[in-house]
$ cat protein_23.txt   # compact mmCIF, C-alpha atoms
# COMPACT_ATOMS: atom_id res chain seq x y z
CA MET A 1 -13.70 7.48 25.96
CA ARG A 2 -10.15 6.63 25.07
CA GLY A 3 -8.91 7.30 21.58
CA ILE A 4 -5.84 8.08 19.55
CA LEU A 5 -4.97 9.04 16.00
CA GLY A 6 -2.40 7.20 13.96
CA LYS A 7 -1.15 6.01 10.62
CA LYS A 8 -1.56 2.57 9.16
CA VAL A 9 1.90 1.09 8.68
CA GLY A 10 0.99 -2.26 7.20
CA MET A 11 0.11 -5.84 7.96
CA THR A 12 2.23 -8.68 9.22
CA GLN A 13 1.74 -11.77 11.32
CA LEU A 14 2.57 -12.83 14.86
CA PHE A 15 2.39 -16.06 16.80
CA ASP A 16 0.11 -16.19 19.83
CA GLU A 17 0.73 -18.14 23.05
CA SER A 18 -0.58 -21.38 21.57
CA GLY A 19 1.69 -21.02 18.56
CA ALA A 20 -1.08 -20.13 16.12
CA VAL A 21 -0.47 -17.47 13.49
CA VAL A 22 -2.39 -14.23 14.00
CA PRO A 23 -2.73 -11.67 11.19
CA VAL A 24 -2.16 -8.19 12.58
CA THR A 25 -2.09 -4.60 11.43
CA VAL A 26 0.62 -2.26 12.66
CA ILE A 27 -0.45 1.29 13.48
CA GLU A 28 1.92 4.12 14.26
CA ALA A 29 -0.28 5.69 16.94
CA GLY A 30 0.36 9.11 18.33
CA PRO A 31 1.76 11.02 19.97
CA CYS A 32 -1.41 13.09 20.04
CA TYR A 33 -2.00 16.34 21.86
CA VAL A 34 -5.14 17.77 23.39
CA THR A 35 -5.83 20.92 21.41
CA GLN A 36 -9.19 21.88 22.85
CA VAL A 37 -11.39 20.82 25.74
CA LYS A 38 -15.12 21.25 25.27
CA THR A 39 -17.51 21.22 28.18
CA ASP A 40 -21.21 21.69 28.68
CA GLU A 41 -20.71 25.29 29.74
CA THR A 42 -18.56 26.33 26.83
CA ASP A 43 -19.89 24.26 23.96
CA GLY A 44 -23.06 22.56 25.10
CA TYR A 45 -21.43 19.14 25.04
CA CYS A 46 -18.35 17.43 26.35
CA ALA A 47 -15.46 16.47 24.12
CA VAL A 48 -11.74 16.61 23.70
CA GLN A 49 -10.13 17.65 20.46
CA ILE A 50 -6.92 15.80 19.79
CA GLY A 51 -4.33 16.45 17.10
CA TYR A 52 -1.76 14.29 15.37
CA GLU A 53 0.97 14.38 12.74
CA GLU A 54 3.66 16.97 13.20
CA VAL A 55 4.35 19.10 10.12
CA PRO A 56 6.55 22.12 9.38
CA GLU A 57 5.04 25.42 10.40
CA ARG A 58 4.60 26.54 6.79
CA LYS A 59 2.11 23.74 6.18
CA LEU A 60 -0.40 25.28 8.59
CA THR A 61 -2.58 28.32 8.07
CA LYS A 62 -2.44 31.21 10.49
CA GLY A 63 -5.81 30.21 11.80
CA GLU A 64 -4.61 26.71 12.57
CA ARG A 65 -1.48 28.02 14.24
CA GLY A 66 -3.54 30.39 16.33
CA HIS A 67 -5.78 27.53 17.43
CA LEU A 68 -2.80 25.37 18.39
CA SER A 69 -1.02 28.21 20.20
CA LYS A 70 -3.65 28.06 22.93
CA ALA A 71 -2.60 24.53 23.79
CA GLN A 72 1.12 25.12 23.18
CA THR A 73 1.36 21.94 21.09
CA PRO A 74 3.75 21.19 18.23
CA ASN A 75 2.55 22.01 14.74
CA ILE A 76 0.06 19.27 14.01
CA ARG A 77 -2.40 19.05 11.21
CA ARG A 78 -4.94 16.32 11.90
CA LEU A 79 -7.63 17.15 14.44
CA ARG A 80 -10.41 14.88 15.63
CA GLU A 81 -12.89 15.04 18.45
CA LEU A 82 -13.45 12.48 21.19
CA ARG A 83 -16.89 12.67 22.73
CA PHE A 84 -17.32 12.36 26.50
CA GLU A 85 -20.46 11.95 28.58
CA GLU A 86 -19.19 14.23 31.31
CA ALA A 87 -16.47 16.80 31.62
CA PRO A 88 -13.28 15.15 30.37
CA GLN A 89 -10.27 14.85 32.62
CA TYR A 90 -7.82 16.00 30.00
CA THR A 91 -6.35 19.47 30.06
CA LEU A 92 -5.09 21.55 27.17
CA GLY A 93 -1.77 20.37 25.78
CA ASP A 94 -1.90 16.89 27.33
CA GLU A 95 -0.01 14.25 25.40
CA ILE A 96 -1.80 11.05 24.45
CA LYS A 97 0.37 8.06 23.66
CA ALA A 98 -0.33 4.54 22.51
CA ASP A 99 -0.43 3.31 26.11
CA VAL A 100 -4.00 4.57 26.51
CA PHE A 101 -4.71 1.05 25.27
CA GLN A 102 -3.50 -2.23 26.67
CA GLU A 103 -2.92 -5.61 25.20
CA GLY A 104 -6.25 -7.43 25.07
CA ASP A 105 -8.43 -4.32 24.84
CA PHE A 106 -11.09 -4.18 22.18
CA VAL A 107 -10.97 -1.17 19.89
CA ASP A 108 -12.81 0.26 16.91
CA VAL A 109 -10.71 1.56 14.06
CA VAL A 110 -12.08 4.29 11.80
CA GLY A 111 -10.45 5.06 8.48
CA VAL A 112 -11.13 5.99 4.89
CA SER A 113 -11.19 2.92 2.68
CA LYS A 114 -9.17 2.65 -0.52
CA GLY A 115 -11.06 4.23 -3.41
CA LYS A 116 -11.99 1.88 -6.24
CA GLY A 117 -13.65 4.53 -8.42
CA PHE A 118 -16.93 3.95 -10.22
CA ALA A 119 -17.26 0.19 -9.97
CA GLY A 120 -19.70 -2.18 -11.62
CA ALA A 121 -22.14 -4.34 -9.70
CA VAL A 122 -20.01 -7.48 -10.05
CA LYS A 123 -17.08 -5.90 -8.25
CA ARG A 124 -19.08 -3.67 -5.91
CA HIS A 125 -21.87 -5.98 -4.79
CA ASN A 126 -20.62 -9.41 -5.83
CA PHE A 127 -23.30 -9.81 -8.50
CA ARG A 128 -22.87 -12.94 -10.54
CA GLY A 129 -22.90 -11.27 -13.94
CA GLY A 130 -24.38 -12.92 -17.01
CA PRO A 131 -23.46 -16.17 -18.78
CA LYS A 132 -20.10 -16.19 -20.51
CA THR A 133 -21.33 -18.13 -23.53
CA HIS A 134 -24.54 -19.10 -25.37
CA GLY A 135 -24.61 -16.05 -27.60
CA GLN A 136 -24.10 -13.38 -25.00
CA SER A 137 -22.81 -10.21 -26.55
CA ASP A 138 -22.82 -7.49 -23.90
CA ARG A 139 -24.31 -9.13 -20.83
CA HIS A 140 -21.22 -10.62 -19.21
CA ARG A 141 -21.04 -8.21 -16.27
CA ALA A 142 -24.49 -6.67 -16.55
CA THR A 143 -26.56 -5.95 -13.44
CA GLY A 144 -29.72 -7.72 -14.66
CA SER A 145 -33.20 -6.68 -13.60
CA ARG A 146 -33.76 -3.56 -11.54
CA GLY A 147 -37.09 -4.84 -10.23
CA ALA A 148 -40.68 -5.50 -11.27
CA GLY A 149 -42.51 -3.64 -14.07
CA THR A 150 -45.50 -1.32 -14.05
CA THR A 151 -46.15 -2.19 -10.43
CA PRO A 152 -44.35 -0.63 -8.54
CA GLY A 153 -43.29 1.38 -11.57
CA HIS A 154 -40.04 2.67 -10.09
CA THR A 155 -36.69 1.41 -8.86
CA PHE A 156 -36.58 0.91 -5.14
CA PRO A 157 -34.28 3.30 -3.35
CA GLY A 158 -31.18 1.64 -2.00
CA SER A 159 -31.07 -1.13 -4.60
CA LYS A 160 -27.62 -2.35 -5.39
CA ALA A 161 -26.23 -0.80 -8.51
CA PRO A 162 -22.91 0.32 -10.02
CA GLY A 163 -21.39 3.41 -8.46
CA GLN A 164 -18.56 4.82 -6.37
CA MET A 165 -16.86 2.11 -4.39
CA GLY A 166 -14.48 2.76 -1.55
CA ASN A 167 -13.04 6.11 -0.47
CA ALA A 168 -15.67 6.13 2.25
CA ARG A 169 -15.44 6.32 6.00
CA VAL A 170 -15.34 2.78 7.34
CA THR A 171 -15.37 1.61 10.95
CA ILE A 172 -14.12 -1.83 11.89
CA GLN A 173 -15.46 -2.79 15.30
CA ASN A 174 -14.04 -4.91 18.08
CA LEU A 175 -10.49 -5.51 17.01
CA LYS A 176 -8.34 -6.95 19.74
CA VAL A 177 -5.16 -5.11 20.64
CA ALA A 178 -2.25 -7.51 20.18
CA LEU A 179 0.63 -5.30 21.21
CA VAL A 180 1.29 -1.83 22.61
CA ASP A 181 4.61 0.00 22.75
CA ALA A 182 4.21 3.64 23.74
CA GLU A 183 7.92 4.34 23.40
CA ARG A 184 7.88 3.48 19.74
CA ASN A 185 4.31 4.79 19.28
CA LEU A 186 3.29 1.33 18.28
CA LEU A 187 -0.17 -0.15 18.34
CA VAL A 188 -0.80 -3.56 16.84
CA VAL A 189 -4.33 -4.87 16.36
CA ARG A 190 -5.58 -8.24 15.22
CA GLY A 191 -7.12 -8.22 11.77
CA ALA A 192 -7.34 -5.72 8.96
CA ILE A 193 -8.21 -2.04 9.09
CA PRO A 194 -9.50 0.29 6.36
CA GLY A 195 -7.36 2.47 4.14
CA PRO A 196 -3.98 2.45 2.43
CA LYS A 197 -0.61 2.24 4.15
CA GLY A 198 0.14 5.66 5.51
CA GLY A 199 -3.55 6.47 5.78
CA LEU A 200 -4.89 8.31 8.81
CA VAL A 201 -6.82 6.11 11.22
CA PHE A 202 -8.66 6.87 14.40
CA VAL A 203 -8.53 4.19 17.09
CA ARG A 204 -11.04 4.33 19.91
CA GLU A 205 -12.35 2.17 22.69
CA ALA A 206 -14.85 -0.33 21.30
CA VAL A 207 -18.38 1.04 21.45
CA LYS A 208 -20.00 -2.40 21.42
CA LYS A 209 -17.70 -4.57 23.45
CA PRO A 210 -18.10 -8.28 22.82
CA LYS A 211 -19.26 -10.38 25.74
CA SER A 212 -16.30 -12.22 27.13
CA MET B 1 10.15 4.64 9.72
CA SER B 2 7.46 2.28 8.66
CA ASN B 3 9.82 -0.42 7.49
CA ALA B 4 11.85 -0.16 10.66
CA LEU B 5 8.67 -0.48 12.69
CA MET B 6 7.64 -3.55 10.75
CA ALA B 7 11.05 -5.12 11.02
CA SER B 8 11.10 -4.58 14.75
CA LEU B 9 8.06 -6.80 15.01
CA LEU B 10 9.71 -9.76 13.32
CA PRO B 11 9.75 -12.64 15.74
CA GLU B 12 13.11 -13.56 17.17
CA ALA B 13 14.90 -16.09 15.06
CA ASN B 14 14.88 -19.50 16.61
CA ALA B 15 18.32 -20.25 17.98
CA ASN B 16 17.94 -23.88 16.92
CA MET B 17 17.22 -22.88 13.36
CA PRO B 18 20.21 -23.79 11.20
CA ASP B 19 20.78 -22.64 7.67
CA PHE B 20 19.45 -25.11 5.17
CA ASP B 21 18.54 -25.11 1.52
CA PRO B 22 16.23 -27.02 -0.76
CA GLY B 23 17.54 -30.54 -1.24
CA ASP B 24 18.80 -30.87 2.31
CA THR B 25 17.52 -33.68 4.46
CA VAL B 26 16.32 -32.38 7.82
CA ARG B 27 14.76 -33.58 11.05
CA VAL B 28 12.12 -31.19 12.37
CA HIS B 29 11.40 -31.54 16.06
CA GLN B 30 7.95 -30.17 16.74
CA ARG B 31 6.33 -29.73 20.12
CA ILE B 32 2.84 -31.19 20.17
CA THR B 33 0.41 -30.41 22.96
CA GLU B 34 -2.36 -32.92 23.52
CA GLY B 35 -4.52 -31.80 26.37
CA ARG B 36 -2.06 -31.59 29.21
CA ASN B 37 0.67 -33.71 27.67
CA GLU B 38 3.49 -32.34 25.66
CA ARG B 39 5.64 -34.42 23.41
CA ILE B 40 8.06 -33.97 20.56
CA GLN B 41 7.14 -35.20 17.12
CA ILE B 42 9.89 -35.68 14.61
CA PHE B 43 9.35 -35.19 10.91
CA GLN B 44 12.25 -36.19 8.74
CA GLY B 45 12.47 -35.53 5.04
CA VAL B 46 13.85 -33.49 2.19
CA VAL B 47 13.32 -29.74 2.05
CA ILE B 48 11.67 -29.26 -1.31
CA ALA B 49 10.93 -25.52 -1.12
CA LYS B 50 11.45 -22.39 0.90
CA HIS B 51 8.85 -19.72 0.57
CA GLY B 52 8.46 -16.13 1.66
CA GLY B 53 12.09 -14.99 1.89
CA LYS B 54 12.86 -13.36 5.20
CA GLY B 55 9.31 -12.16 5.87
CA ALA B 56 7.22 -12.89 8.92
CA GLY B 57 5.26 -15.46 6.95
CA ALA B 58 8.22 -17.36 5.53
CA THR B 59 7.86 -21.14 5.42
CA TYR B 60 9.66 -24.25 4.26
CA THR B 61 8.21 -27.49 2.97
CA VAL B 62 9.56 -30.88 3.97
CA ARG B 63 8.71 -34.00 2.01
CA ARG B 64 9.08 -37.51 3.22
CA VAL B 65 7.98 -40.79 1.77
CA ALA B 66 6.04 -42.65 4.42
CA SER B 67 5.55 -46.37 4.64
CA GLY B 68 3.73 -47.75 1.67
CA GLY B 69 5.41 -45.25 -0.61
CA ILE B 70 3.00 -42.49 0.25
CA GLY B 71 4.47 -39.03 -0.02
CA VAL B 72 3.80 -36.71 2.92
CA GLU B 73 4.61 -33.02 2.78
CA ARG B 74 4.46 -30.63 5.69
CA THR B 75 4.97 -26.89 5.59
CA PHE B 76 6.42 -25.20 8.66
CA PRO B 77 6.65 -21.46 9.35
CA ILE B 78 10.28 -20.47 9.82
CA TYR B 79 9.41 -18.50 12.94
CA SER B 80 7.12 -21.13 14.39
CA LYS B 81 7.44 -21.41 18.15
CA SER B 82 6.27 -24.99 18.20
CA VAL B 83 9.31 -26.16 16.27
CA GLU B 84 11.82 -27.07 18.93
CA LYS B 85 14.79 -27.53 16.64
CA VAL B 86 15.80 -28.53 13.14
CA GLU B 87 18.71 -30.84 12.43
CA VAL B 88 20.38 -30.90 9.04
CA LEU B 89 21.34 -34.48 8.28
CA ARG B 90 22.57 -34.21 4.72
CA LYS B 91 23.16 -31.49 2.19
CA ALA B 92 22.51 -32.16 -1.45
CA ARG B 93 23.48 -30.53 -4.69
CA VAL B 94 20.35 -29.48 -6.58
CA ARG B 95 19.93 -27.27 -9.59
CA ARG B 96 16.65 -25.59 -8.81
CA ALA B 97 14.99 -23.84 -5.87
CA ARG B 98 11.75 -25.84 -5.84
CA LEU B 99 12.09 -29.58 -6.03
CA TYR B 100 8.50 -30.33 -6.96
CA TYR B 101 9.73 -32.80 -9.56
CA LEU B 102 10.47 -35.20 -6.71
CA ARG B 103 6.73 -35.77 -6.39
CA GLU B 104 6.68 -37.67 -9.65
CA ARG B 105 9.72 -39.71 -8.85
CA GLN B 106 10.45 -42.61 -6.62
CA GLY B 107 13.29 -44.99 -5.95
CA LYS B 108 16.48 -44.45 -7.87
CA SER B 109 15.36 -41.42 -9.81
CA ALA B 110 14.36 -39.64 -6.62
CA ARG B 111 17.90 -39.60 -5.30
CA LEU B 112 19.80 -36.37 -4.77
CA ARG B 113 23.54 -35.98 -5.14
CA GLU B 114 25.24 -35.21 -1.87
CA LYS B 115 27.05 -31.91 -1.60
CA ILE B 116 30.64 -32.48 -0.59
CA MET B 117 31.63 -29.78 1.82
CA VAL B 118 35.02 -28.30 1.12
CA ARG B 119 36.75 -26.99 4.17
CA GLY B 120 35.94 -23.36 4.72
CA ASP B 121 32.61 -23.68 3.01

$ encode --input "protein_23.txt" --output "structure tokens"
Amino acid sequence: MRGILGKKVGMTQLFDESGAVVPVTVIEAGPCYVTQVKTDETDGYCAVQIGYEEVPERKLTKGERGHLSKAQTPNIRRLRELRFEEAPQYTLGDEIKADVFQEGDFVDVVGVSKGKGFAGAVKRHNFRGGPKTHGQSDRHRATGSRGAGTTPGHTFPGSKAPGQMGNARVTIQNLKVALVDAERNLLVVRGAIPGPKGGLVFVREAVKKPKS
Amino acid sequence: MSNALMASLLPEANANMPDFDPGDTVRVHQRITEGRNERIQIFQGVVIAKHGGKGAGATYTVRRVASGGIGVERTFPIYSKSVEKVEVLRKARVRRARLYYLRERQGKSARLREKIMVRGD
């Protein structure tokens, strides 16, 4: 499993070989450091913990500093785990740069979407809302019926309703890598990714690769 | 950092891309690929708008009146690779940035006053 942590920089557009415009998202990816290696013997499963985002020492707790001191990495504050099937080939303190990916690779991008707060059903689930005229007083953006009456006698779990929208972990699968520049810690993927500019994103090898 | 990163991704400016403004008459040479053949198509007309500043998505719109008096407008991305070159044929003095009023005009009233270039301009 290849993966890297990064920050969303923003969106722009590029031209592909045929001259067509491609919308892309720029990610400042890495450098990441291996902060812990987990194996079957030590932890019961295989994984690599990687860290990103250098911060001043005062921003870290003593516990965090102690954990990082084992790997002799810079002071970093974002840690994520990469699962492996078998013992990973990384060793403590290894640096991971954007060149773990190549142009044309398919990746999944995990991030936390922008929070929209408590949103109504029109905004959250694209409900149609009520009629705008014909004597409507308070039904313009109402949800409508919640279901049948005495039978079944309750609202079905999972029905679409107003509630918290966004600020949730979102994975976008199978984005194509458009550009990689490890020197500038640059990773550019086709399409949009979750979260605000500056938001932490986790980029990993696509789990469900599309058939080529 | 982020802005510098974004700016570094801007496509290289086309060397054959002269400076032009709304009102100018231009010839846009565009490369067209049909199957295996490549040819150059020329679109000549008046630039009626530039859009998107210096961003990656910046475009300009060229309007020409085709035979039969039918107006044709095409919008080209400034950084488009398929545009081979742009020639500026005539510069005109106009008093607004978007010349959409030309759409309602034809003949005499659709003329634009030529900008006389003073030396050093």

$ interface_residues --input "protein_23.txt" --of "chain B" --to "chain A" --cutoff "7 Å" --atoms "all atoms listed in the file" --output "PyMOL selection string"
chain B and resi 2+56-57+80-82

$ write_last_selection --input "protein_23.txt" --atoms "C-alpha atoms" --output "mmCIF file, in the coordinates of the input"
data_model
loop_
_atom_site.group_PDB
_atom_site.id
_atom_site.type_symbol
_atom_site.label_atom_id
_atom_site.label_comp_id
_atom_site.auth_asym_id
_atom_site.auth_seq_id
_atom_site.Cartn_x
_atom_site.Cartn_y
_atom_site.Cartn_z
ATOM 1 C CA SER B 2 7.460 2.280 8.660
ATOM 2 C CA ALA B 56 7.220 -12.890 8.920
ATOM 3 C CA GLY B 57 5.260 -15.460 6.950
ATOM 4 C CA SER B 80 7.120 -21.130 14.390
ATOM 5 C CA LYS B 81 7.440 -21.410 18.150
ATOM 6 C CA SER B 82 6.270 -24.990 18.200
#

$ closest_residue --input "protein_23.txt" --among "A:Leu187, A:Ala47, A:Cys32, A:Ala192" --to "Gln102 in chain A" --atoms "all atoms listed in the file"
A:Leu187

$ closest_residue --input "protein_23.txt" --among "B:Val83, B:Ala58, B:Leu102, B:Val94" --to "Gly71 in chain B" --atoms "all atoms listed in the file"
B:Leu102

$ atom_distance --input "protein_23.txt" --atom1 "CA of Phe127 in chain A" --atom2 "CA of Pro152 in chain A"
23.0 Å

$ atom_distance --input "protein_23.txt" --atom1 "CA of Lys211 in chain A" --atom2 "CA of Arg2 in chain A"
19.3 Å

$ atom_distance --input "protein_23.txt" --atom1 "CA of Gly153 in chain A" --atom2 "CA of Arg128 in chain A"
25.0 Å

$ residues_around --input "protein_23.txt" --residues "Thr91 in chain A" --least-positions-apart "4" --cutoff "9 Å" --atoms "all atoms listed in the file" --output "list in words"
Val34, Thr35, Gln36, Val37, Val48 and Ala71 of chain A

$ residues_around --input "protein_23.txt" --residues "Ala92 in chain B" --least-positions-apart "5" --cutoff "12 Å" --atoms "only C-alpha atoms" --output "ChimeraX atom specification"
/B:20-26,46-48,99,111-117

$ residues_near_point --input "protein_23.txt" --point "(8.6, -30.7, -0.9)" --cutoff "6 Å" --atoms "all atoms listed in the file" --output "list in words"
Val47, Ile48, Ala49, Thr61, Val62, Arg63 and Glu73 of chain B

$ residues_around --input "protein_23.txt" --residues "Gln106 in chain B" --least-positions-apart "2" --cutoff "12 Å" --atoms "all atoms listed in the file" --output "ChimeraX atom specification"
/B:64-66,68-71,101-104,108-112

$ residues_around --input "protein_23.txt" --residues "Gln41 in chain B" --least-positions-apart "2" --cutoff "12 Å" --atoms "only C-alpha atoms" --output "list in words"
Arg27, Val28, His29, Gln30, Arg31, Ile32, Thr33, Glu34, Glu38, Arg39, Phe43, Gln44, Ser82, Val83, Glu84, Lys85 and Val86 of chain B

$ write_last_selection --input "protein_23.txt" --atoms "C-alpha atoms" --output "mmCIF file, in the frame of the given file"
data_model
loop_
_atom_site.group_PDB
_atom_site.id
_atom_site.type_symbol
_atom_site.label_atom_id
_atom_site.label_comp_id
_atom_site.auth_asym_id
_atom_site.auth_seq_id
_atom_site.Cartn_x
_atom_site.Cartn_y
_atom_site.Cartn_z
ATOM 1 C CA ARG B 27 14.760 -33.580 11.050
ATOM 2 C CA VAL B 28 12.120 -31.190 12.370
ATOM 3 C CA HIS B 29 11.400 -31.540 16.060
ATOM 4 C CA GLN B 30 7.950 -30.170 16.740
ATOM 5 C CA ARG B 31 6.330 -29.730 20.120
ATOM 6 C CA ILE B 32 2.840 -31.190 20.170
ATOM 7 C CA THR B 33 0.410 -30.410 22.960
ATOM 8 C CA GLU B 34 -2.360 -32.920 23.520
ATOM 9 C CA GLU B 38 3.490 -32.340 25.660
ATOM 10 C CA ARG B 39 5.640 -34.420 23.410
ATOM 11 C CA PHE B 43 9.350 -35.190 10.910
ATOM 12 C CA GLN B 44 12.250 -36.190 8.740
ATOM 13 C CA SER B 82 6.270 -24.990 18.200
ATOM 14 C CA VAL B 83 9.310 -26.160 16.270
ATOM 15 C CA GLU B 84 11.820 -27.070 18.930
ATOM 16 C CA LYS B 85 14.790 -27.530 16.640
ATOM 17 C CA VAL B 86 15.800 -28.530 13.140
#

$ axis_aligned_box --input "protein_23.txt" --around "range 176-195 of chain A" --padding-each-side "5 Å" --output "JSON"
{"center_x": -0.8, "center_y": -1.7, "center_z": 13.9, "size_x": 27.4, "size_y": 23.0, "size_z": 29.6}

$ closest_residue --input "protein_23.txt" --among "A:Glu85, A:Asp138, A:Glu103, A:Asp181" --to "Thr39 in chain A" --atoms "all atoms listed in the file"
A:Glu85

$ residues_around --input "protein_23.txt" --residues "Pro194 in chain A" --least-positions-apart "3" --cutoff "7 Å" --atoms "only C-alpha atoms" --output "list in words"
Gly111, Val112, Ser113 and Val170 of chain A

$ residues_near_point --input "protein_23.txt" --point "(-6.7, -4.6, 18.6)" --cutoff "12 Å" --atoms "only C-alpha atoms" --output "count of residues only"
37
